file data26.pdb (PDB, C-alpha atoms)
MODEL        1
ATOM      1  CA  HIS A  23      -4.873   3.591 -19.956  1.00  0.00           C
ATOM      2  CA  LYS A  24      -5.375   0.764 -17.481  1.00  0.00           C
ATOM      3  CA  TYR A  25      -3.597  -1.981 -19.372  1.00  0.00           C
ATOM      4  CA  LEU A  26      -1.146   0.024 -21.474  1.00  0.00           C
ATOM      5  CA  GLU A  27       1.843  -1.367 -19.590  1.00  0.00           C
ATOM      6  CA  SER A  28       0.753  -4.875 -20.647  1.00  0.00           C
ATOM      7  CA  PHE A  29       1.429  -4.156 -24.311  1.00  0.00           C
ATOM      8  CA  ASN A  30       4.573  -3.554 -26.307  1.00  0.00           C
ATOM      9  CA  ILE A  31       3.378  -0.337 -27.969  1.00  0.00           C
ATOM     10  CA  LYS A  32       6.175  -0.545 -30.584  1.00  0.00           C
ATOM     11  CA  LYS A  33       4.470  -3.598 -32.121  1.00  0.00           C
ATOM     12  CA  PHE A  34       1.438  -1.478 -32.976  1.00  0.00           C
ATOM     13  CA  GLY A  35       3.476   0.826 -35.250  1.00  0.00           C
ATOM     14  CA  GLN A  36       1.242   3.202 -37.190  1.00  0.00           C
ATOM     15  CA  ALA A  37      -1.854   1.736 -35.520  1.00  0.00           C
ATOM     16  CA  ALA A  38      -0.789   3.158 -32.147  1.00  0.00           C
ATOM     17  CA  LYS A  39      -2.851   6.153 -31.143  1.00  0.00           C
ATOM     18  CA  ILE A  40      -2.532   8.380 -28.117  1.00  0.00           C
ATOM     19  CA  ILE A  41      -5.865   9.238 -26.533  1.00  0.00           C
ATOM     20  CA  SER A  42      -6.109  12.239 -24.247  1.00  0.00           C
ATOM     21  CA  PHE A  43      -6.862  11.833 -20.552  1.00  0.00           C
ATOM     22  CA  TYR A  44     -10.133  13.738 -21.075  1.00  0.00           C
ATOM     23  CA  ASP A  45     -11.210  11.363 -23.872  1.00  0.00           C
ATOM     24  CA  CYS A  46     -10.355   8.348 -21.687  1.00  0.00           C
ATOM     25  CA  GLN A  47     -12.579   9.752 -18.953  1.00  0.00           C
ATOM     26  CA  GLN A  48     -15.427  10.297 -21.440  1.00  0.00           C
ATOM     27  CA  ILE A  49     -15.107   6.700 -22.630  1.00  0.00           C
ATOM     28  CA  ARG A  50     -15.169   5.463 -19.005  1.00  0.00           C
ATOM     29  CA  LYS A  51     -18.232   7.583 -18.191  1.00  0.00           C
ATOM     30  CA  ASP A  52     -20.113   6.330 -21.243  1.00  0.00           C
ATOM     31  CA  SER A  53     -19.023   2.706 -20.899  1.00  0.00           C
ATOM     32  CA  PRO A  54     -21.960   0.288 -20.723  1.00  0.00           C
ATOM     33  CA  ILE A  55     -19.863  -2.372 -18.965  1.00  0.00           C
ATOM     34  CA  ALA A  56     -21.774  -1.933 -15.680  1.00  0.00           C
ATOM     35  CA  SER A  57     -24.986  -2.896 -17.452  1.00  0.00           C
ATOM     36  CA  ILE A  58     -23.354  -6.182 -18.479  1.00  0.00           C
ATOM     37  CA  PHE A  59     -21.470  -7.078 -15.299  1.00  0.00           C
ATOM     38  CA  ASN A  60     -22.101  -5.981 -11.706  1.00  0.00           C
ATOM     39  CA  TYR A  61     -19.586  -7.061  -9.050  1.00  0.00           C
ATOM     40  CA  GLU A  62     -21.657  -7.893  -5.957  1.00  0.00           C
ATOM     41  CA  HIS A  63     -20.125  -7.282  -2.538  1.00  0.00           C
ATOM     42  CA  ASP A  64     -21.051  -6.184   0.994  1.00  0.00           C
ATOM     43  CA  TYR A  65     -18.354  -3.508   1.407  1.00  0.00           C
ATOM     44  CA  THR A  66     -19.436   0.000   2.312  1.00  0.00           C
ATOM     45  CA  CYS A  67     -15.907   1.494   2.199  1.00  0.00           C
ATOM     46  CA  ILE A  68     -13.644   0.874  -0.782  1.00  0.00           C
ATOM     47  CA  PHE A  69     -10.106   2.228  -0.924  1.00  0.00           C
ATOM     48  CA  PHE A  70      -8.766   2.452  -4.481  1.00  0.00           C
ATOM     49  CA  ASP A  71      -5.097   1.472  -4.585  1.00  0.00           C
ATOM     50  CA  GLN A  72      -2.663   3.511  -6.663  1.00  0.00           C
ATOM     51  CA  PRO A  73       1.017   2.810  -7.405  1.00  0.00           C
ATOM     52  CA  ILE A  74       2.120   5.847  -5.378  1.00  0.00           C
ATOM     53  CA  VAL A  75       5.204   4.169  -3.892  1.00  0.00           C
ATOM     54  CA  ASN A  76       6.186   2.443  -7.143  1.00  0.00           C
ATOM     55  CA  TYR A  77       6.087   5.733  -9.035  1.00  0.00           C
ATOM     56  CA  GLY A  78       8.380   7.288  -6.431  1.00  0.00           C
ATOM     57  CA  ARG A  79       5.820   9.812  -5.225  1.00  0.00           C
ATOM     58  CA  THR A  80       6.196   8.808  -1.581  1.00  0.00           C
ATOM     59  CA  THR A  81       8.314   6.489   0.517  1.00  0.00           C
ATOM     60  CA  GLU A  82       7.279   3.091   1.835  1.00  0.00           C
ATOM     61  CA  GLU A  83       7.486   4.472   5.371  1.00  0.00           C
ATOM     62  CA  GLU A  84       5.131   7.366   4.585  1.00  0.00           C
ATOM     63  CA  TYR A  85       2.673   5.066   2.824  1.00  0.00           C
ATOM     64  CA  LEU A  86       2.683   2.602   5.723  1.00  0.00           C
ATOM     65  CA  LYS A  87       2.025   5.510   8.120  1.00  0.00           C
ATOM     66  CA  PHE A  88      -0.791   6.728   5.828  1.00  0.00           C
ATOM     67  CA  MET A  89      -2.376   3.252   5.753  1.00  0.00           C
ATOM     68  CA  LYS A  90      -2.055   2.978   9.550  1.00  0.00           C
ATOM     69  CA  ASN A  91      -4.051   6.216   9.872  1.00  0.00           C
ATOM     70  CA  ILE A  92      -6.689   4.959   7.426  1.00  0.00           C
ATOM     71  CA  ARG A  93      -6.964   1.691   9.377  1.00  0.00           C
ATOM     72  CA  GLU A  94      -7.487   3.602  12.638  1.00  0.00           C
ATOM     73  CA  ILE A  95     -10.284   5.760  11.210  1.00  0.00           C
ATOM     74  CA  PHE A  96     -12.049   2.808   9.558  1.00  0.00           C
ATOM     75  CA  LEU A  97     -11.326   0.259  12.284  1.00  0.00           C
ATOM     76  CA  GLU A  98     -14.987  -0.613  12.884  1.00  0.00           C
ATOM     77  CA  GLU A  99     -15.648  -1.132   9.160  1.00  0.00           C
ATOM     78  CA  ILE A 100     -12.501  -3.246   8.844  1.00  0.00           C
ATOM     79  CA  SER A 101     -13.549  -5.346  11.866  1.00  0.00           C
ATOM     80  CA  ASN A 102     -17.015  -5.823  10.363  1.00  0.00           C
ATOM     81  CA  ASN A 103     -15.661  -6.783   6.907  1.00  0.00           C
ATOM     82  CA  LYS A 104     -17.151  -3.629   5.376  1.00  0.00           C
ATOM     83  CA  PHE A 105     -13.821  -2.115   4.236  1.00  0.00           C
ATOM     84  CA  CYS A 106     -11.712  -3.346   1.323  1.00  0.00           C
ATOM     85  CA  VAL A 107      -8.984  -2.334  -1.082  1.00  0.00           C
ATOM     86  CA  LYS A 108      -9.687  -2.333  -4.812  1.00  0.00           C
ATOM     87  CA  LEU A 109      -6.337  -3.053  -6.438  1.00  0.00           C
ATOM     88  CA  HIS A 110      -5.129  -0.800  -9.241  1.00  0.00           C
ATOM     89  CA  PRO A 111      -5.645  -2.347 -12.698  1.00  0.00           C
ATOM     90  CA  GLY A 112      -1.881  -2.548 -13.208  1.00  0.00           C
ATOM     91  CA  ASN A 113      -1.480  -3.891  -9.633  1.00  0.00           C
ATOM     92  CA  HIS A 114       1.959  -2.381  -9.030  1.00  0.00           C
ATOM     93  CA  SER A 115       1.545  -2.100  -5.265  1.00  0.00           C
ATOM     94  CA  ASP A 116       3.202  -4.228  -2.643  1.00  0.00           C
ATOM     95  CA  LEU A 117       0.331  -6.154  -1.062  1.00  0.00           C
ATOM     96  CA  ARG A 118       1.936  -6.015   2.379  1.00  0.00           C
ATOM     97  CA  PHE A 119       0.564  -2.454   2.613  1.00  0.00           C
ATOM     98  CA  TYR A 120      -2.894  -4.054   2.730  1.00  0.00           C
ATOM     99  CA  GLU A 121      -2.146  -7.074   4.897  1.00  0.00           C
ATOM    100  CA  GLY A 122      -5.268  -8.183   6.760  1.00  0.00           C
ATOM    101  CA  LEU A 123      -7.615  -6.136   4.559  1.00  0.00           C
ATOM    102  CA  HIS A 124     -10.075  -7.594   2.095  1.00  0.00           C
ATOM    103  CA  ILE A 125      -9.031  -7.189  -1.533  1.00  0.00           C
ATOM    104  CA  ILE A 126     -11.026  -6.741  -4.740  1.00  0.00           C
ATOM    105  CA  PRO A 127      -8.790  -8.046  -7.540  1.00  0.00           C
ATOM    106  CA  SER A 128      -7.240  -5.735 -10.107  1.00  0.00           C
ATOM    107  CA  TYR A 129      -9.118  -7.328 -13.033  1.00  0.00           C
ATOM    108  CA  ILE A 130     -12.537  -6.227 -11.722  1.00  0.00           C
ATOM    109  CA  PRO A 131     -13.332  -2.870 -13.385  1.00  0.00           C
ATOM    110  CA  SER A 132     -14.231  -0.182 -10.867  1.00  0.00           C
ATOM    111  CA  GLU A 133     -17.144   0.778 -13.107  1.00  0.00           C
ATOM    112  CA  CYS A 134     -18.701  -2.612 -12.287  1.00  0.00           C
ATOM    113  CA  LEU A 135     -18.663  -2.352  -8.492  1.00  0.00           C
ATOM    114  CA  ASN A 136     -22.052  -2.649  -6.848  1.00  0.00           C
ATOM    115  CA  ILE A 137     -22.967   0.660  -5.187  1.00  0.00           C
ATOM    116  CA  ASN A 138     -25.543   1.285  -2.510  1.00  0.00           C
ATOM    117  CA  LYS A 139     -26.564   4.454  -0.675  1.00  0.00           C
ATOM    118  CA  ASP A 140     -23.891   3.797   1.988  1.00  0.00           C
ATOM    119  CA  SER A 141     -20.979   3.329  -0.432  1.00  0.00           C
ATOM    120  CA  LEU A 142     -17.892   5.369   0.368  1.00  0.00           C
ATOM    121  CA  TRP A 143     -15.058   5.462  -2.150  1.00  0.00           C
ATOM    122  CA  LEU A 144     -11.604   6.582  -1.014  1.00  0.00           C
ATOM    123  CA  ALA A 145      -8.507   7.271  -3.102  1.00  0.00           C
ATOM    124  CA  ILE A 146      -5.486   9.499  -2.956  1.00  0.00           C
ATOM    125  CA  SER A 147      -6.104  11.046  -6.363  1.00  0.00           C
ATOM    126  CA  SER A 148      -7.522   8.272  -8.556  1.00  0.00           C
ATOM    127  CA  SER A 149      -9.527   9.153 -11.625  1.00  0.00           C
ATOM    128  CA  THR A 150     -11.921   6.441 -10.409  1.00  0.00           C
ATOM    129  CA  LEU A 151     -13.460   9.150  -8.249  1.00  0.00           C
ATOM    130  CA  TRP A 152     -14.722  10.745 -11.469  1.00  0.00           C
ATOM    131  CA  ILE A 153     -16.968   7.815 -12.280  1.00  0.00           C
ATOM    132  CA  ASN A 154     -20.531   9.055 -12.261  1.00  0.00           C
ATOM    133  CA  ASN A 155     -22.369   7.136  -9.554  1.00  0.00           C
ATOM    134  CA  GLN A 156     -24.043   7.577  -6.168  1.00  0.00           C
ATOM    135  CA  ALA A 157     -21.049   6.671  -3.980  1.00  0.00           C
ATOM    136  CA  LYS A 158     -19.740   9.266  -1.547  1.00  0.00           C
ATOM    137  CA  LYS A 159     -16.190   9.987  -2.713  1.00  0.00           C
ATOM    138  CA  ILE A 160     -13.122  11.239  -0.865  1.00  0.00           C
ATOM    139  CA  ALA A 161      -9.762  12.313  -2.344  1.00  0.00           C
ATOM    140  CA  LEU A 162      -7.092  11.756   0.319  1.00  0.00           C
ATOM    141  CA  ILE A 163      -4.223  13.641  -1.344  1.00  0.00           C
ATOM    142  CA  ASN A 164      -3.820  16.030   1.613  1.00  0.00           C
ATOM    143  CA  LEU A 165      -3.262  13.136   4.022  1.00  0.00           C
ATOM    144  CA  LEU A 166      -0.111  11.695   2.452  1.00  0.00           C
ATOM    145  CA  ASP A 167       3.349  13.261   2.450  1.00  0.00           C
ATOM    146  CA  PHE A 168       4.868  13.188  -1.019  1.00  0.00           C
ATOM    147  CA  LYS A 169       8.609  13.249  -1.694  1.00  0.00           C
ATOM    148  CA  SER A 170       8.079  16.387  -3.745  1.00  0.00           C
ATOM    149  CA  ASN A 171       5.585  19.142  -2.979  1.00  0.00           C
ATOM    150  CA  LYS A 172       5.871  20.157  -6.645  1.00  0.00           C
ATOM    151  CA  THR A 173       4.578  16.716  -7.696  1.00  0.00           C
ATOM    152  CA  LYS A 174       1.806  16.806  -5.100  1.00  0.00           C
ATOM    153  CA  GLU A 175       0.679  20.248  -6.256  1.00  0.00           C
ATOM    154  CA  TYR A 176       0.772  19.159  -9.899  1.00  0.00           C
ATOM    155  CA  ILE A 177      -1.453  16.164  -9.103  1.00  0.00           C
ATOM    156  CA  ARG A 178      -3.771  18.322  -7.019  1.00  0.00           C
ATOM    157  CA  LYS A 179      -4.154  20.928  -9.792  1.00  0.00           C
ATOM    158  CA  SER A 180      -4.352  18.540 -12.730  1.00  0.00           C
ATOM    159  CA  VAL A 181      -6.449  15.734 -11.267  1.00  0.00           C
ATOM    160  CA  VAL A 182      -7.940  16.373  -7.853  1.00  0.00           C
ATOM    161  CA  MET A 183      -9.135  19.916  -8.460  1.00  0.00           C
ATOM    162  CA  ASN A 184     -10.923  18.770 -11.624  1.00  0.00           C
ATOM    163  CA  PHE A 185     -13.303  16.643  -9.578  1.00  0.00           C
ATOM    164  CA  ASP A 186     -16.801  17.976  -9.413  1.00  0.00           C
ATOM    165  CA  ASN A 187     -18.322  19.060  -6.117  1.00  0.00           C
ATOM    166  CA  ASN A 188     -19.243  15.456  -5.316  1.00  0.00           C
ATOM    167  CA  VAL A 189     -15.716  14.636  -4.114  1.00  0.00           C
ATOM    168  CA  PHE A 190     -14.741  15.621  -0.569  1.00  0.00           C
ATOM    169  CA  ILE A 191     -11.079  16.585  -0.051  1.00  0.00           C
ATOM    170  CA  PRO A 192     -10.279  16.533   3.697  1.00  0.00           C
ATOM    171  CA  LYS A 193      -7.648  18.979   4.963  1.00  0.00           C
ATOM    172  CA  ASP A 194      -6.313  16.523   7.537  1.00  0.00           C
ATOM    173  CA  LEU A 195      -7.104  13.288   9.404  1.00  0.00           C
ATOM    174  CA  THR A 196      -9.508  15.028  11.793  1.00  0.00           C
ATOM    175  CA  ASP A 197     -11.441  16.432   8.835  1.00  0.00           C
ATOM    176  CA  LEU A 198     -11.662  12.918   7.321  1.00  0.00           C
ATOM    177  CA  LYS A 199     -12.772  11.372  10.618  1.00  0.00           C
ATOM    178  CA  ASN A 200     -15.460  14.033  11.135  1.00  0.00           C
ATOM    179  CA  PHE A 201     -16.746  13.599   7.579  1.00  0.00           C
ATOM    180  CA  PHE A 202     -16.866   9.836   7.995  1.00  0.00           C
ATOM    181  CA  ILE A 203     -18.707   9.979  11.343  1.00  0.00           C
ATOM    182  CA  LYS A 204     -21.195  12.494   9.918  1.00  0.00           C
ATOM    183  CA  ASN A 205     -21.875  10.343   6.830  1.00  0.00           C
ATOM    184  CA  LYS A 206     -22.002   6.947   8.557  1.00  0.00           C
TER     185      LYS A 206
ENDMDL
END
call {"tool": "encode", "arguments": {"input": "data26.pdb", "output": "structure tokens"}}
result
Amino acid sequence: HKYLESFNIKKFGQAAKIISFYDCQQIRKDSPIASIFNYEHDYTCIFFDQPIVNYGRTTEEEYLKFMKNIREIFLEEISNNKFCVKLHPGNHSDLRFYEGLHIIPSYIPSECLNINKDSLWLAISSSTLWINNQAKKIALINLLDFKSNKTKEYIRKSVVMNFDNNVFIPKDLTDLKNFFIKNK
């Protein structure tokens, strides 16, 4: 699903095949790509970008406020070059949201990121949090105001709530901050 927007699907004609979200996740989980390529880095906190603003799920103002809150909680990691943003494979986001933050390019597969015992992965609702690895994972969906509560609830029920017990879903910013301090 990552590069679908790069192709003109009409050119594939009868060869085009729709693969279910579940099957895509199974392919990602079983992918041997990490055994071939490992992206080395020193980051302990990785925020996985999603095209939330571009898809009209929230406003630019809300997303900027959300990122300001994330920056405040992870200020020490940002100052110590231990926090970065992993761009979405389609890279639809406006990079000004991440001004001053380190960036992992969109073409690096998340499955290939080097993980250590201190790795913390953050995303609003990204399926990247389903990747089977030892990183501590946090779904931040409760911390961002969506334009539509119906859309937010749909995402929560269809994606976020399908995460296994290894993904923490903070109720609010205080809950996130407490979790982070406890797991530092």
call {"tool": "resolve_selection", "arguments": {"input": "data26.pdb", "expression": "the PyMOL selection byres ((chain A and resi 95-103) around 10)", "output": "number ranges by chain"}}
result
A: 64-67, 89-94, 104-106, 122-124, 195-196, 198-200, 202-203
call {"tool": "closest_residue", "arguments": {"input": "data26.pdb", "among": "A:Phe168, A:Phe59, A:Tyr85, A:Phe70", "to": "A:Ser147", "atoms": "only C-alpha atoms"}}
result
A:Phe70
call {"tool": "closest_residue", "arguments": {"input": "data26.pdb", "among": "A:Ser132, A:Gln72, A:Thr81, A:Ser141", "to": "A:His110", "atoms": "all atoms listed in the file"}}
result
A:Gln72
call {"tool": "resolve_selection", "arguments": {"input": "data26.pdb", "expression": "the PyMOL selection byres ((chain A and resi 188) around 10)", "output": "list in words"}}
result
Leu151, Trp152, Asn154, Asn155, Gln156, Ala157, Lys158, Lys159, Ile160, Phe185, Asp186, Asn187, Val189, Phe190 and Ile191 of chain A
call {"tool": "atom_distance", "arguments": {"input": "data26.pdb", "atom1": "atom CA of A:Ile74", "atom2": "atom CA of A:Lys139"}}
result
29.1 Å
call {"tool": "atom_distance", "arguments": {"input": "data26.pdb", "atom1": "atom CA of A:Phe88", "atom2": "atom CA of A:Leu166"}}
result
6.0 Å
call {"tool": "resolve_selection", "arguments": {"input": "data26.pdb", "expression": "the PyMOL selection byres ((chain A and resi 128) around 6)", "output": "compact mmCIF listing (two decimals) with C-alpha atoms, in the coordinates of the input"}}
result
# COMPACT_ATOMS: atom_id res chain seq x y z
CA LEU A 109 -6.34 -3.05 -6.44
CA HIS A 110 -5.13 -0.80 -9.24
CA PRO A 111 -5.64 -2.35 -12.70
CA PRO A 127 -8.79 -8.05 -7.54
CA TYR A 129 -9.12 -7.33 -13.03
CA ILE A 130 -12.54 -6.23 -11.72
call {"tool": "residues_around", "arguments": {"input": "data26.pdb", "residues": "A:Asp71", "least_positions_apart": "2", "cutoff": "7 Å", "atoms": "all atoms listed in the file", "output": "list in words"}}
result
Phe69, Pro73, Val107, Lys108, Leu109, His110 and Ala145 of chain A
call {"tool": "atom_distance", "arguments": {"input": "data26.pdb", "atom1": "atom CA of A:Ile137", "atom2": "atom CA of A:Ser180"}}
result
26.9 Å
call {"tool": "closest_residue", "arguments": {"input": "data26.pdb", "among": "A:Thr173, A:Tyr120, A:Asp197, A:Asn164", "to": "A:Tyr77", "atoms": "only C-alpha atoms"}}
result
A:Thr173
call {"tool": "closest_residue", "arguments": {"input": "data26.pdb", "among": "A:Leu117, A:Asn138, A:Thr80, A:Leu86", "to": "A:His63", "atoms": "only C-alpha atoms"}}
result
A:Asn138
call {"tool": "closest_residue", "arguments": {"input": "data26.pdb", "among": "A:Asn60, A:Leu165, A:Ser148, A:Asp194", "to": "A:Glu133", "atoms": "only C-alpha atoms"}}
result
A:Asn60
call {"tool": "closest_residue", "arguments": {"input": "data26.pdb", "among": "A:Ile58, A:Leu135, A:Arg79, A:Asp140", "to": "A:Tyr176", "atoms": "only C-alpha atoms"}}
result
A:Arg79
call {"tool": "axis_aligned_box", "arguments": {"input": "data26.pdb", "around": "stretch 166-179 of chain A", "padding_each_side": "6 Å", "output": "AutoDock Vina command-line options"}}
result
--center_x 2.2 --center_y 16.3 --center_z -3.7 --size_x 24.8 --size_y 21.2 --size_z 24.4
